[in-house]
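Listing of target-v6.cif, mmCIF, C-alpha atoms
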data_start
loop_
_atom_site.label_atom_id
_atom_site.label_comp_id
_atom_site.auth_asym_id
_atom_site.auth_seq_id
_atom_site.Cartn_x
_atom_site.Cartn_y
_atom_site.Cartn_z
CA MET I 1 45.87 56.95 9.54
CA SER I 2 48.30 55.20 7.14
CA LYS I 3 48.79 52.39 9.68
CA VAL I 4 45.04 51.68 9.66
CA LEU I 5 45.04 51.54 5.85
CA GLU I 6 47.93 49.09 5.79
CA THR I 7 46.20 46.78 8.27
CA SER I 8 43.01 46.63 6.24
CA GLU I 9 44.95 46.03 3.01
CA LEU I 10 46.81 43.17 4.66
CA LYS I 11 43.54 41.68 5.89
CA LYS I 12 42.06 41.89 2.37
CA GLY I 13 45.04 40.12 0.89
CA ALA I 14 44.91 37.36 3.49
CA SER I 15 41.19 36.71 3.07
CA VAL I 16 41.50 36.40 -0.71
CA ASP I 17 44.24 33.81 -0.27
CA ARG I 18 42.20 31.90 2.27
CA ARG I 19 39.14 32.04 0.05
CA GLY I 20 41.16 30.80 -2.90
CA ALA I 21 42.64 28.02 -0.81
CA LEU I 22 39.23 27.00 0.51
CA ARG I 23 37.82 26.94 -3.03
CA LEU I 24 40.63 24.63 -4.15
CA LEU I 25 40.01 22.39 -1.14
CA GLY I 26 36.29 22.35 -1.88
CA LEU I 27 36.82 21.44 -5.53
CA GLY I 28 39.27 18.75 -4.49
CA ALA I 29 36.80 17.32 -2.00
CA VAL I 30 33.96 17.28 -4.53
CA ALA I 31 36.16 15.64 -7.16
CA ALA I 32 37.37 13.04 -4.68
CA THR I 33 33.82 12.20 -3.57
CA ALA I 34 32.55 11.96 -7.14
CA GLY I 35 35.46 9.74 -8.07
CA ALA I 36 35.13 7.54 -5.01
CA LEU I 37 31.38 6.94 -5.20
CA ALA I 38 30.81 6.23 -8.88
CA PRO I 39 31.40 7.64 -12.35
CA MET I 40 28.87 10.31 -13.41
CA ARG I 41 25.61 8.37 -13.53
CA ALA I 42 22.00 9.28 -14.10
CA SER I 43 20.87 6.78 -11.53
CA ALA I 44 21.82 4.92 -8.40
CA THR I 45 22.60 1.23 -8.67
CA PRO I 46 22.68 -1.55 -6.08
CA GLU I 47 26.45 -1.13 -6.22
CA SER I 48 26.48 2.62 -5.56
CA ALA I 49 23.87 2.17 -2.83
CA GLY I 50 26.09 -0.50 -1.27
CA LEU I 51 29.17 1.76 -1.46
CA LEU I 52 27.19 4.58 0.13
CA MET I 53 26.14 2.36 3.04
CA ASP I 54 29.72 1.14 3.54
CA LYS I 55 30.83 4.76 3.75
CA LEU I 56 28.02 5.87 6.07
CA SER I 57 28.28 2.89 8.41
CA GLY I 58 32.07 2.65 8.40
CA SER I 59 31.81 -1.07 7.84
CA LYS I 60 31.64 -3.63 5.05
CA SER I 61 30.30 -6.50 7.10
CA TYR I 62 26.63 -6.43 7.92
CA LYS I 63 24.70 -8.69 10.25
CA SER I 64 21.10 -9.58 9.65
CA GLY I 65 18.38 -9.33 12.24
CA LYS I 66 17.41 -6.55 14.64
CA VAL I 67 16.28 -4.24 11.83
CA THR I 68 12.62 -4.28 10.82
CA LEU I 69 11.93 -2.31 7.67
CA LYS I 70 8.26 -1.73 6.86
CA THR I 71 7.38 -0.65 3.35
CA PRO I 72 4.28 -1.08 1.21
CA ALA I 73 4.63 -3.99 -1.23
CA ILE I 74 3.17 -1.78 -3.95
CA ALA I 75 3.35 2.02 -3.87
CA GLU I 76 0.63 3.57 -6.04
CA ASN I 77 2.26 6.98 -5.92
CA GLY I 78 6.04 7.11 -5.95
CA ALA I 79 5.97 10.74 -4.80
CA THR I 80 5.05 9.67 -1.29
CA VAL I 81 5.88 6.19 -0.02
CA PRO I 82 5.49 5.58 3.73
CA VAL I 83 8.39 3.72 5.31
CA SER I 84 9.24 2.84 8.88
CA VAL I 85 12.39 1.36 10.37
CA SER I 86 12.68 -0.01 13.85
CA VAL I 87 15.72 -1.57 15.47
CA ASP I 88 15.59 -3.97 18.37
CA SER I 89 17.66 -2.27 21.10
CA PRO I 90 17.22 -1.40 24.80
CA MET I 91 18.55 2.12 24.09
CA THR I 92 20.53 2.30 27.30
CA ASP I 93 23.77 4.24 27.75
CA GLY I 94 25.76 1.08 27.14
CA ASN I 95 23.68 -0.40 24.34
CA TYR I 96 21.94 1.82 21.83
CA VAL I 97 21.49 2.52 18.15
CA LYS I 98 23.65 5.41 17.01
CA SER I 99 22.30 5.82 13.50
CA ILE I 100 19.90 4.44 10.98
CA HIS I 101 20.73 5.08 7.32
CA LEU I 102 18.29 4.68 4.44
CA ALA I 103 19.19 4.23 0.78
CA ALA I 104 17.33 3.53 -2.46
CA ASP I 105 19.11 1.55 -5.16
CA GLN I 106 17.40 2.83 -8.33
CA ASN I 107 16.59 6.45 -7.52
CA PRO I 108 18.49 9.25 -9.28
CA ARG I 109 20.72 9.23 -6.19
CA PRO I 110 21.03 6.44 -3.61
CA GLU I 111 21.04 8.52 -0.41
CA VAL I 112 17.70 8.97 1.32
CA ALA I 113 18.19 9.96 4.98
CA SER I 114 20.26 9.34 8.08
CA PHE I 115 18.83 9.44 11.58
CA HIS I 116 21.09 9.86 14.61
CA PHE I 117 19.91 8.78 18.04
CA THR I 118 20.92 9.05 21.66
CA PRO I 119 19.91 6.76 24.54
CA ALA I 120 17.31 9.48 25.30
CA SER I 121 15.51 8.43 22.12
CA GLY I 122 14.10 5.52 24.11
CA LYS I 123 13.25 3.57 20.98
CA ALA I 124 15.13 3.38 17.69
CA LYS I 125 12.10 3.65 15.45
CA VAL I 126 11.43 6.23 12.78
CA SER I 127 8.69 6.66 10.21
CA THR I 128 8.82 8.91 7.20
CA ARG I 129 7.75 9.19 3.56
CA LEU I 130 10.03 8.68 0.59
CA ARG I 131 10.08 9.75 -3.02
CA LEU I 132 10.81 6.83 -5.34
CA SER I 133 11.36 7.20 -9.09
CA LYS I 134 10.60 3.55 -9.84
CA SER I 135 10.40 0.09 -8.35
CA GLN I 136 13.53 -0.63 -6.33
CA ASN I 137 15.03 -1.86 -3.09
CA ILE I 138 15.02 0.25 0.03
CA ILE I 139 17.99 -0.54 2.26
CA ALA I 140 18.15 0.23 5.96
CA VAL I 141 21.38 -0.01 7.93
CA ALA I 142 21.61 0.38 11.72
CA VAL I 143 24.91 1.30 13.37
CA MET I 144 25.18 0.41 17.06
CA ASN I 145 27.21 2.24 19.67
CA ASP I 146 29.69 -0.67 19.69
CA GLY I 147 30.25 -0.30 15.95
CA SER I 148 28.32 -3.39 14.89
CA VAL I 149 26.16 -2.90 11.83
CA TYR I 150 22.89 -4.54 10.81
CA LYS I 151 21.19 -4.39 7.43
CA ALA I 152 17.74 -5.07 6.02
CA SER I 153 16.23 -4.37 2.63
CA LYS I 154 12.81 -4.54 0.99
CA LEU I 155 11.66 -4.39 -2.60
CA VAL I 156 9.02 -1.73 -3.22
CA LYS I 157 7.06 -1.84 -6.48
CA VAL I 158 6.16 1.64 -7.67
CA THR I 159 3.20 2.16 -10.01
CA ILE I 160 3.72 5.83 -10.86
CA GLY I 161 7.23 7.23 -10.37
CA GLY I 162 7.71 10.11 -7.96
CA CYS I 163 10.20 12.31 -9.74
CA GLY I 164 7.70 14.42 -11.65
CA GLY I 165 8.22 16.69 -14.70
CA MET R 1 11.32 29.39 3.76
CA ALA R 2 8.62 26.96 4.85
CA LYS R 3 5.18 27.35 6.28
CA LYS R 4 4.23 26.54 9.83
CA PRO R 5 5.33 23.12 11.10
CA ARG R 6 2.98 20.82 13.00
CA VAL R 7 4.22 18.77 15.91
CA LYS R 8 2.35 16.24 18.03
CA VAL R 9 3.73 15.57 21.52
CA PRO R 10 1.66 14.16 24.38
CA SER R 11 0.96 16.87 26.94
CA SER R 12 1.80 14.59 29.85
CA ALA R 13 3.61 11.33 30.57
CA LYS R 14 4.96 9.27 33.42
CA LYS R 15 8.62 9.31 34.31
CA GLY R 16 10.47 6.77 32.18
CA ASP R 17 7.79 6.58 29.48
CA VAL R 18 8.88 6.35 25.85
CA ILE R 19 6.61 8.67 23.91
CA GLU R 20 6.03 9.01 20.19
CA ILE R 21 6.51 12.40 18.55
CA LYS R 22 5.13 13.24 15.12
CA THR R 23 6.35 16.14 13.00
CA LEU R 24 5.26 17.60 9.71
CA ILE R 25 6.48 20.68 7.91
CA PRO R 26 5.00 22.01 4.65
CA HIS R 27 7.83 22.24 2.09
CA LYS R 28 8.09 21.48 -1.62
CA MET R 29 11.34 19.55 -1.23
CA GLU R 30 12.42 20.49 -4.77
CA THR R 31 14.65 17.60 -5.79
CA GLY R 32 16.59 19.26 -8.59
CA GLN R 33 15.38 16.54 -10.98
CA ARG R 34 12.39 18.43 -12.37
CA LYS R 35 12.63 20.62 -15.45
CA GLY R 36 10.79 23.89 -15.78
CA LYS R 37 8.65 24.94 -18.76
CA ASP R 38 11.80 26.31 -20.41
CA GLY R 39 13.44 22.89 -20.22
CA LYS R 40 16.00 24.03 -17.64
CA PRO R 41 16.32 22.03 -14.43
CA ILE R 42 14.64 23.58 -11.40
CA PRO R 43 17.37 23.87 -8.77
CA ARG R 44 17.29 21.64 -5.71
CA PHE R 45 15.87 23.25 -2.59
CA ILE R 46 15.07 21.00 0.33
CA ILE R 47 15.02 20.83 4.08
CA ASN R 48 18.22 18.93 4.77
CA LYS R 49 18.23 18.67 8.56
CA VAL R 50 15.83 18.19 11.45
CA GLU R 51 17.07 18.50 15.02
CA VAL R 52 15.10 17.66 18.14
CA THR R 53 16.29 18.49 21.64
CA PHE R 54 14.73 18.09 25.06
CA ASN R 55 15.70 20.58 27.74
CA GLY R 56 18.68 21.47 25.58
CA LYS R 57 19.94 17.90 25.06
CA SER R 58 19.84 16.21 21.65
CA VAL R 59 17.21 13.49 21.25
CA VAL R 60 17.36 12.78 17.54
CA THR R 61 18.85 14.40 14.43
CA ALA R 62 17.96 13.62 10.85
CA ASP R 63 19.97 14.39 7.69
CA LEU R 64 17.66 14.50 4.70
CA HIS R 65 18.19 14.16 0.95
CA PRO R 66 15.88 14.88 -2.00
CA ALA R 67 14.45 11.34 -1.74
CA ILE R 68 12.37 12.46 1.23
CA ALA R 69 8.86 13.25 0.01
CA ALA R 70 7.41 16.77 -0.05
CA ASN R 71 6.00 18.03 3.26
CA PRO R 72 8.51 16.00 5.25
CA TYR R 73 6.87 13.83 7.86
CA PHE R 74 8.78 12.13 10.65
CA SER R 75 7.75 10.22 13.68
CA PHE R 76 10.28 9.12 16.26
CA HIS R 77 10.51 8.50 19.99
CA ALA R 78 11.86 9.98 23.20
CA ARG R 79 12.23 8.64 26.73
CA VAL R 80 11.14 11.31 29.21
CA THR R 81 12.34 11.40 32.80
CA GLU R 82 11.39 14.98 33.73
CA SER R 83 9.09 17.77 32.63
CA GLY R 84 10.42 20.12 30.04
CA THR R 85 10.40 21.43 26.51
CA PHE R 86 11.07 19.77 23.18
CA ASN R 87 12.68 22.07 20.62
CA PHE R 88 12.42 21.32 16.92
CA THR R 89 14.61 22.94 14.24
CA TRP R 90 14.28 22.42 10.49
CA THR R 91 17.16 23.72 8.32
CA ASP R 92 17.04 24.19 4.55
CA ASP R 93 19.72 24.21 1.84
CA LYS R 94 20.15 27.97 2.16
CA GLY R 95 20.66 27.79 5.92
CA GLY R 96 17.16 29.07 6.65
CA LYS R 97 15.73 27.71 9.90
CA VAL R 98 12.24 27.14 11.25
CA THR R 99 11.79 26.29 14.90
CA THR R 100 8.98 25.36 17.21
CA SER R 101 8.68 23.90 20.67
CA LYS R 102 6.30 21.80 22.75
CA LYS R 103 6.12 21.36 26.52
CA ILE R 104 5.46 18.12 28.32
CA ASN R 105 4.50 17.49 31.93
CA VAL R 106 6.20 14.41 33.37
CA SER R 107 5.20 13.09 36.77
#

Final structure tokens representation of the file:
Amino acid sequence: MSKVLETSELKKGASVDRRGALRLLGLGAVAATAGALAPMRASATPESAGLLMDKLSGSKSYKSGKVTLKTPAIAENGATVPVSVSVDSPMTDGNYVKSIHLAADQNPRPEVASFHFTPASGKAKVSTRLRLSKSQNIIAVAVMNDGSVYKASKLVKVTIGGCGG
Amino acid sequence: MAKKPRVKVPSSAKKGDVIEIKTLIPHKMETGQRKGKDGKPIPRFIINKVEVTFNGKSVVTADLHPAIAANPYFSFHARVTESGTFNFTWTDDKGGKVTTSKKINVS
């Protein structure tokens, strides 16, 4: 009976330590990320969007071409802006698009979405709808299976911002 | 967490075809930017992940942020070489999941 009690007490002690350690780690990670990306800002900037893309793609050198980014020239309603990205690739086991990342350079935060593909995707083309707070550039970056990275961007003019209240 | 998703997958295709799949799930996608009537910010609550598999193998995965519009819509593609089932999973910030599936006949 006493042995059982001791075991459970030990377990309790251990889990509190682990929890405390994890919390410290988590705080550290958050602080590091915040520090690395940008000082506390109310809005993304072309610079923070660029830094985000560098981090997501693992590269700082971008090629042009291959990426077709379709956006409306003028978005009447920033709450829903249709966007499509397609990347020229055969999508075979040896030659395919691993990821497409989307960023917005004047939204409250630059990150928009990341899509991860496999050769089974057949075509590296996605369509979705974005929320844009104001006129800004949408940036699309495609990361290939060989590590090469391609970038395209388009300016979208927004009539009524999409961030609401 | 969300209402019923809608998914459009062709019911049949030829082996090797690349088909288009459309998905839509009703969800507010609360960005965390809005303020309530009391002036306090309404906390962020979004769908942050969409996963699509075919016969158990990953086809496409999407990581989403608040800049994706409400009622997230995605269309993407898949190359089909055999009959089977597409499985779709949407995951929200609280870990809640919604799933649905669609069969396709490939000849």

Q: Give me, as a PyMOL selection string, the contact residues of chain R against chain I at a cut-off of 10 Å, counting all atoms listed in the file.
A: chain R and resi 16-24+30-37+39+41-42+48-51+53-54+57-81

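Remark: for I:Leu69, the closest of the candidate residues I:Thr45, I:Ser57, I:Val143, I:Val87 is I:Val87 (distances computed over only C-alpha atoms).
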
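Taking atom CA of R:Met29 and atom CA of R:Pro43 as endpoints, the distance between them is 10.6 Å.
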
Running the PyMOL selection byres ((chain I and resi 138) around 9) on this model by hand, what would come out? Give it as a CSV table (one decimal) with C-alpha atoms, in the coordinates of the input.
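Result saved to out_31.csv:
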chain,number,residue,atom,x,y,z
I,69,LEU,CA,11.9,-2.3,7.7
I,71,THR,CA,7.4,-0.6,3.4
I,102,LEU,CA,18.3,4.7,4.4
I,103,ALA,CA,19.2,4.2,0.8
I,104,ALA,CA,17.3,3.5,-2.5
I,105,ASP,CA,19.1,1.6,-5.2
I,136,GLN,CA,13.5,-0.6,-6.3
I,137,ASN,CA,15.0,-1.9,-3.1
I,139,ILE,CA,18.0,-0.5,2.3
I,140,ALA,CA,18.2,0.2,6.0
I,152,ALA,CA,17.7,-5.1,6.0
I,153,SER,CA,16.2,-4.4,2.6
I,154,LYS,CA,12.8,-4.5,1.0
I,155,LEU,CA,11.7,-4.4,-2.6
I,156,VAL,CA,9.0,-1.7,-3.2

Q: Please identify all polymer residues within 10 Å of I:Ser59, counting only C-alpha atoms, omitting same-chain residues fewer than 2 positions from it, and present them as a PyMOL selection string.
A: chain I and resi 53-57+61-62+143+147-149

**Q.** Chain and number of each residue from the PyMOL selection byres ((chain R and resi 92) around 10), as a ChimeraX atom specification
**A.** /R:1-2,27,29,45-50,64,90-91,93-98

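You will find atom CA of I:Lys63 at 11.4 Å from atom CA of I:Met144.
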
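The nearest approach to R:Lys8 among the residues R:Thr100, R:Ser83, R:Thr89, R:Asn55, with all atoms listed in the file taken into account, belongs to R:Thr100.
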
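Atom CA of R:Asp38 is found 26.0 Å from atom CA of I:Asn77.
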
Q: Do a neighbour search on R:Glu82 at 8 Å with only C-alpha atoms, toss out local chain neighbours closer than 2 positions, and write the hits as a list in words.
A: Lys15, Val80, Gly84, Asn105, Val106 and Ser107 of chain R
